[in-house]
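Colleague: One file: final_25.cif (mmCIF, C-alpha atoms).
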```cif
data_protein
#
loop_
_atom_site.label_atom_id
_atom_site.label_comp_id
_atom_site.auth_asym_id
_atom_site.auth_seq_id
_atom_site.Cartn_x
_atom_site.Cartn_y
_atom_site.Cartn_z
CA MET A 1 -28.72 59.46 23.59
CA GLN A 2 -28.96 58.33 27.19
CA ARG A 3 -31.80 56.01 26.28
CA LEU A 4 -29.68 54.37 23.52
CA ALA A 5 -26.75 53.92 25.92
CA LEU A 6 -29.10 52.39 28.48
CA HIS A 7 -30.44 49.89 25.90
CA ILE A 8 -26.89 48.93 24.91
CA ILE A 9 -25.89 48.37 28.53
CA CYS A 10 -29.03 46.33 29.13
CA LEU A 11 -28.41 44.16 26.04
CA MET A 12 -24.78 43.62 27.05
CA GLY A 13 -25.89 42.55 30.52
CA MET A 14 -28.34 40.05 29.05
CA LEU A 15 -25.72 38.72 26.64
CA CYS A 16 -23.12 38.27 29.39
CA ASN A 17 -25.68 36.56 31.61
CA CYS A 18 -26.66 34.15 28.79
CA LYS A 19 -23.04 33.29 28.04
CA ALA A 20 -22.34 32.66 31.72
CA GLN A 21 -25.30 30.29 31.96
CA THR A 22 -24.45 28.34 28.80
CA ALA A 23 -20.66 28.21 29.04
CA PRO A 24 -19.61 24.58 29.54
CA THR A 25 -17.32 23.64 32.35
CA SER A 26 -13.92 22.18 31.56
CA THR A 27 -15.14 18.74 32.67
CA ASP A 28 -18.13 18.92 30.28
CA THR A 29 -15.84 19.93 27.40
CA THR A 30 -13.37 17.13 28.13
CA LEU A 31 -16.11 14.48 28.26
CA GLN A 32 -17.66 15.78 25.05
CA ASN A 33 -14.28 15.76 23.25
CA LYS A 34 -13.55 12.19 24.40
CA SER A 35 -16.98 11.05 23.23
CA GLU A 36 -16.52 12.70 19.81
CA THR A 37 -13.04 11.17 19.48
CA ARG A 38 -14.38 7.67 20.25
CA GLN A 39 -17.16 8.08 17.68
CA VAL A 40 -14.74 9.28 14.98
CA ASP A 41 -12.27 6.45 15.73
CA SER A 42 -14.97 3.76 15.55
CA VAL A 43 -16.29 5.17 12.26
CA ARG A 44 -12.77 5.26 10.77
CA GLU A 45 -12.04 1.70 11.89
CA SER A 46 -15.15 0.42 10.15
CA ASN A 47 -14.36 2.41 6.97
CA THR A 48 -11.51 0.75 5.11
CA PRO A 49 -10.44 2.58 1.97
CA SER A 50 -11.90 1.49 -1.35
CA TYR A 51 -10.05 1.70 -4.66
CA ARG A 52 -10.92 1.78 -8.34
CA VAL A 53 -8.37 1.40 -11.13
CA LEU A 54 -8.63 4.36 -13.50
CA SER A 55 -5.82 3.55 -15.93
CA VAL A 56 -2.43 1.94 -16.36
CA GLU A 57 0.07 4.70 -17.16
CA ASN A 58 3.19 2.66 -18.01
CA THR A 59 4.15 -0.98 -18.21
CA ASP A 60 7.87 -1.73 -18.03
CA THR A 61 9.31 -5.21 -18.44
CA LEU A 62 12.87 -5.85 -17.28
CA ARG A 63 15.11 -8.73 -16.50
CA TRP A 64 17.26 -8.86 -13.39
CA THR A 65 20.35 -10.97 -14.09
CA GLY A 66 21.46 -11.25 -10.48
CA LYS A 67 23.78 -8.27 -10.95
CA ALA A 68 22.08 -5.72 -13.20
CA PHE A 69 18.90 -4.91 -15.11
CA THR A 70 18.59 -5.65 -18.82
CA GLY A 71 15.83 -5.18 -21.34
CA ARG A 72 14.50 -2.33 -23.40
CA HIS A 73 12.95 -0.61 -20.35
CA LYS A 74 16.06 -0.83 -18.16
CA ASN A 75 16.58 2.96 -18.28
CA LYS A 76 12.89 3.84 -17.97
CA GLY A 77 11.98 1.50 -15.14
CA ASN A 78 12.18 2.58 -11.51
CA THR A 79 15.11 0.25 -10.79
CA TRP A 80 15.95 1.59 -7.31
CA LEU A 81 12.41 0.80 -6.16
CA ILE A 82 12.49 -2.67 -7.72
CA LYS A 83 15.77 -3.47 -5.95
CA ALA A 84 14.47 -2.08 -2.65
CA VAL A 85 11.36 -4.27 -2.88
CA MET A 86 13.43 -7.35 -3.77
CA LYS A 87 15.69 -6.68 -0.80
CA GLY A 88 12.68 -6.14 1.49
CA MET A 89 11.04 -9.37 0.36
CA ASN A 90 14.11 -11.56 0.54
CA PRO A 91 17.72 -10.43 -0.01
CA ASN A 92 18.40 -13.81 -1.69
CA TRP A 93 16.26 -12.69 -4.63
CA LEU A 94 19.04 -10.27 -5.60
CA ARG A 95 21.29 -13.26 -6.42
CA HIS A 96 18.86 -14.87 -8.87
CA ALA A 97 17.66 -14.05 -12.37
CA LEU A 98 14.13 -12.67 -12.41
CA TRP A 99 11.60 -11.35 -14.89
CA VAL A 100 10.10 -8.12 -13.57
CA THR A 101 7.04 -6.26 -14.82
CA VAL A 102 6.13 -2.90 -13.30
CA LYS A 103 2.84 -1.12 -13.91
CA ASP A 104 2.25 2.48 -12.85
CA VAL A 105 -1.45 2.65 -12.06
CA TRP A 106 -3.80 5.58 -11.47
CA LEU A 107 -6.33 4.82 -8.73
CA LEU A 108 -9.36 6.56 -7.33
CA ARG A 109 -9.42 6.13 -3.55
CA ASP A 110 -12.77 6.31 -1.75
CA GLY A 111 -14.30 7.76 -4.90
CA VAL A 112 -12.59 11.10 -4.28
CA GLU A 113 -8.81 11.12 -4.27
CA LYS A 114 -6.57 10.24 -7.25
CA ASP A 115 -3.37 8.40 -6.49
CA VAL A 116 -0.55 6.72 -8.42
CA ILE A 117 0.81 3.37 -7.27
CA SER A 118 3.25 0.80 -8.64
CA VAL A 119 2.34 -2.84 -9.04
CA MET A 120 5.27 -5.20 -9.56
CA ALA A 121 5.31 -8.81 -10.65
CA PHE A 122 8.34 -11.07 -10.16
CA LYS A 123 8.87 -14.42 -11.87
CA SER A 124 11.93 -16.63 -11.78
CA ALA A 125 14.01 -16.58 -14.97
CA GLU A 126 15.93 -19.69 -13.85
CA THR A 127 15.02 -23.33 -14.30
CA ARG A 128 16.50 -24.59 -11.02
CA TRP A 129 15.20 -21.86 -8.74
CA SER A 130 11.71 -20.50 -8.19
CA ILE A 131 10.08 -17.98 -5.91
CA SER A 132 8.70 -19.86 -2.95
CA ALA A 133 5.60 -18.96 -0.96
CA PHE A 134 6.08 -16.33 1.71
CA LYS A 135 4.20 -15.16 4.78
CA ARG A 136 4.96 -11.45 4.63
CA GLU A 137 1.82 -9.34 4.62
CA LYS A 138 3.38 -5.90 4.24
CA PHE A 139 6.58 -4.00 4.87
CA MET A 140 7.83 -0.47 4.65
CA VAL A 141 10.28 0.27 1.84
CA GLU A 142 13.26 1.60 3.80
CA GLU A 143 15.00 3.33 0.90
CA CYS A 144 12.04 5.68 0.35
CA LYS A 145 11.60 8.98 2.18
CA ALA A 146 7.80 8.80 2.02
CA PRO A 147 5.95 6.14 4.02
CA LEU A 148 5.81 3.73 1.08
CA TYR A 149 4.54 0.23 1.85
CA ALA A 150 4.89 -2.95 -0.18
CA VAL A 151 1.98 -5.38 0.04
CA PRO A 152 2.96 -8.78 -1.48
CA TYR A 153 0.82 -11.62 -2.83
CA PHE A 154 2.02 -15.07 -3.96
CA ILE A 155 -0.02 -16.35 -6.91
CA ASP A 156 0.89 -19.27 -9.21
CA GLY A 157 4.63 -19.19 -8.50
CA CYS A 158 4.90 -15.42 -8.97
CA ALA A 159 5.14 -12.57 -6.50
CA TYR A 160 2.84 -9.61 -7.08
CA ILE A 161 3.63 -6.56 -4.97
CA ILE A 162 1.56 -3.40 -4.62
CA CYS A 163 3.65 -0.37 -3.64
CA ILE A 164 1.41 2.25 -2.09
CA ILE A 165 1.47 5.21 0.27
CA PRO A 166 -1.59 4.21 2.29
CA PRO A 167 -3.98 6.53 4.08
CA SER A 168 -3.51 6.71 7.82
CA GLN A 169 -5.39 7.67 10.94
CA ILE A 170 -4.41 8.86 14.38
CA VAL A 171 -5.46 6.55 17.20
CA GLY A 172 -4.48 7.82 20.61
CA ASN A 173 -0.85 8.90 20.31
CA GLU A 174 0.07 6.77 17.31
CA VAL A 175 -0.43 6.93 13.56
CA ARG A 176 -1.85 3.74 12.00
CA THR A 177 -1.74 2.98 8.31
CA LEU A 178 -4.92 1.70 6.70
CA ILE A 179 -3.87 -1.31 4.63
CA ASP A 180 -6.53 -3.88 3.88
CA ARG A 181 -4.94 -6.73 1.88
CA LYS A 182 -8.28 -8.18 0.75
CA THR A 183 -9.52 -4.80 -0.55
CA LEU A 184 -6.24 -4.14 -2.38
CA TYR A 185 -6.42 -7.58 -3.97
CA GLU A 186 -10.07 -7.30 -5.01
CA ASP A 187 -10.01 -3.62 -6.10
CA VAL A 188 -6.52 -3.31 -7.60
CA LEU A 189 -4.62 -6.54 -8.30
CA LYS A 190 -7.46 -8.73 -9.55
CA PRO A 191 -8.61 -6.26 -12.26
CA LEU A 192 -4.98 -5.78 -13.39
CA MET A 193 -4.48 -9.55 -13.70
CA ASP A 194 -7.11 -9.74 -16.43
CA LYS A 195 -4.20 -8.90 -18.76
CA PRO A 196 -1.19 -11.16 -18.03
CA PHE A 197 1.88 -9.51 -16.53
CA PHE A 198 4.25 -11.92 -18.36
#
```
Starting from the file, give its structure as C-alpha cells.
Modeller:
Amino acid sequence: MQRLALHIICLMGMLCNCKAQTAPTSTDTTLQNKSETRQVDSVRESNTPSYRVLSVENTDTLRWTGKAFTGRHKNKGNTWLIKAVMKGMNPNWLRHALWVTVKDVWLLRDGVEKDVISVMAFKSAETRWSISAFKREKFMVEECKAPLYAVPYFIDGCAYIICIIPPSQIVGNEVRTLIDRKTLYEDVLKPLMDKPFF
C-alpha cells in the first residue's frame, strides 16, 4: 500500500513539474490569440459568401397606384416590405404608379446554409415618369426588426432589389455585414432574370 501511495505521489510530482514547464505566460497567450485573430480575419475578408438559387417559392405581381396596392396578389404580397423598400430607395416613388413583382427565393449560401430572400422588381406604370438611375449600393430596411438589407440594381429602366439578411463578421469591436454586390448579381439576380419579371 505504501509503495502504491509513493508511486502516486511521484507521478503527481512529475505531472505538476511538466505542467509548470509547459504553461504559457500571459504574454505568450496574448500574442498567440492576436495572431490567430489576424489569421481568421484575413481568411474571412478573402472569403465572400457564394450563393446558389435553389427555387422560387412565390411570385407576386402587384400594382402600386400611388396610394394603395391593387392586383390579384395584393393580399398575399408582403406589402409592408415593398413600401419600406420604396421609401428607402426614394420617398418620391410612393407618389407614382408602379408595377411591382416580388419573388421569394430559396438560396444555398456557401454550399451549406439554406436561406430565403425576397427579390423585388419595380417598373414605372406611368407614361410621363420613369425610374431614374440611382447610386445607392445598399441600405438597411428600417421598418424591419432583423438586420435586413436592400441591395438595388438599375437595369433597363427598372429597379431590381435583393432583400437579404447578410452574413456578418466581427472585426475588432464592430460587426460588419458581408454584402458583395457583384456576387449577388452573378449568383442570384442574373439567373432569376432568365425569366422576365414583367
Colleague: Quick one: which residues end up in the PyMOL selection byres ((chain A and resi 54) around 7) for this structure, as a short mmCIF file (atom, residue, chain, number, x, y, z; two decimals) with C-alpha atoms, keeping the file's coordinate frame?
Modeller:
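Generated output (out00.cif):
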```cif
data_model
loop_
_atom_site.label_atom_id
_atom_site.label_comp_id
_atom_site.auth_asym_id
_atom_site.auth_seq_id
_atom_site.Cartn_x
_atom_site.Cartn_y
_atom_site.Cartn_z
CA ARG A 52 -10.92 1.78 -8.34
CA VAL A 53 -8.37 1.40 -11.13
CA SER A 55 -5.82 3.55 -15.93
CA TRP A 106 -3.80 5.58 -11.47
CA LEU A 107 -6.33 4.82 -8.73
CA LEU A 108 -9.36 6.56 -7.33
#
```
Colleague: List as a PyMOL selection string the protein and nucleic acid residues near A:Asp110, meaning an atom at most 7 Å away when only C-alpha atoms are counted, but skip any in the same chain fewer than 4 places from it.
Modeller: chain A and resi 49-51
Colleague: List as number ranges by chain the protein and nucleic acid residues near A:Gln169, meaning an atom at most 8 Å away when only C-alpha atoms are counted, but skip any in the same chain fewer than 6 places from it.
Modeller: A: 44, 175-178
Colleague: A:Lys135: which residues within 12 Å, counting only C-alpha atoms, same-chain residues fewer than 3 positions away excluded, as a list in words?
Modeller: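 My reading of the contact set: Met89, Asn90, Ser132, Lys138, Phe139, Val151, Pro152, Tyr153, Phe154 and Ala159 of chain A.
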Colleague: Taking 5 positions as the minimum chain separation for residues in the same chain, which residues sit within 8 Å of A:Ala97 when counting all atoms listed in the file? Answer as an MDAnalysis selection string.
Modeller: chainID A and resid 63:66 124:126
Colleague: Nearest to A:Met120: which of A:Ile170, A:Met140, A:Val102, A:Val56 is it, counting only C-alpha atoms?
Modeller: A:Val102
Colleague: For A:Thr101, which residue among A:Ala133, A:Val141, A:Ala146, A:Cys158 is the nearest when counting all atoms listed in the file?
Modeller: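 So, comparing all the options, the nearest one is A:Cys158.
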Colleague: State, in Å with one decimal place, the distance from atom CA of A:Cys163 to atom CA of A:Lys83.
Modeller: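 If I compute the distance from atom CA of A:Cys163 to atom CA of A:Lys83, I get 12.7 Å.
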Colleague: Just so the selection is clear, what residues does the PyMOL selection byres ((chain A and resi 115) around 9) cover here, as a PDB file with C-alpha atoms, in the frame of the given file?
Modeller:
```pdb
ATOM      1  CA  VAL A 105      -1.450   2.650 -12.060  1.00  0.00           C
ATOM      2  CA  TRP A 106      -3.800   5.580 -11.470  1.00  0.00           C
ATOM      3  CA  LEU A 107      -6.330   4.820  -8.730  1.00  0.00           C
ATOM      4  CA  LEU A 108      -9.360   6.560  -7.330  1.00  0.00           C
ATOM      5  CA  ARG A 109      -9.420   6.130  -3.550  1.00  0.00           C
ATOM      6  CA  GLU A 113      -8.810  11.120  -4.270  1.00  0.00           C
ATOM      7  CA  LYS A 114      -6.570  10.240  -7.250  1.00  0.00           C
ATOM      8  CA  VAL A 116      -0.550   6.720  -8.420  1.00  0.00           C
ATOM      9  CA  ILE A 117       0.810   3.370  -7.270  1.00  0.00           C
ATOM     10  CA  ILE A 164       1.410   2.250  -2.090  1.00  0.00           C
ATOM     11  CA  ILE A 165       1.470   5.210   0.270  1.00  0.00           C
TER      12      ILE A 165
END
```
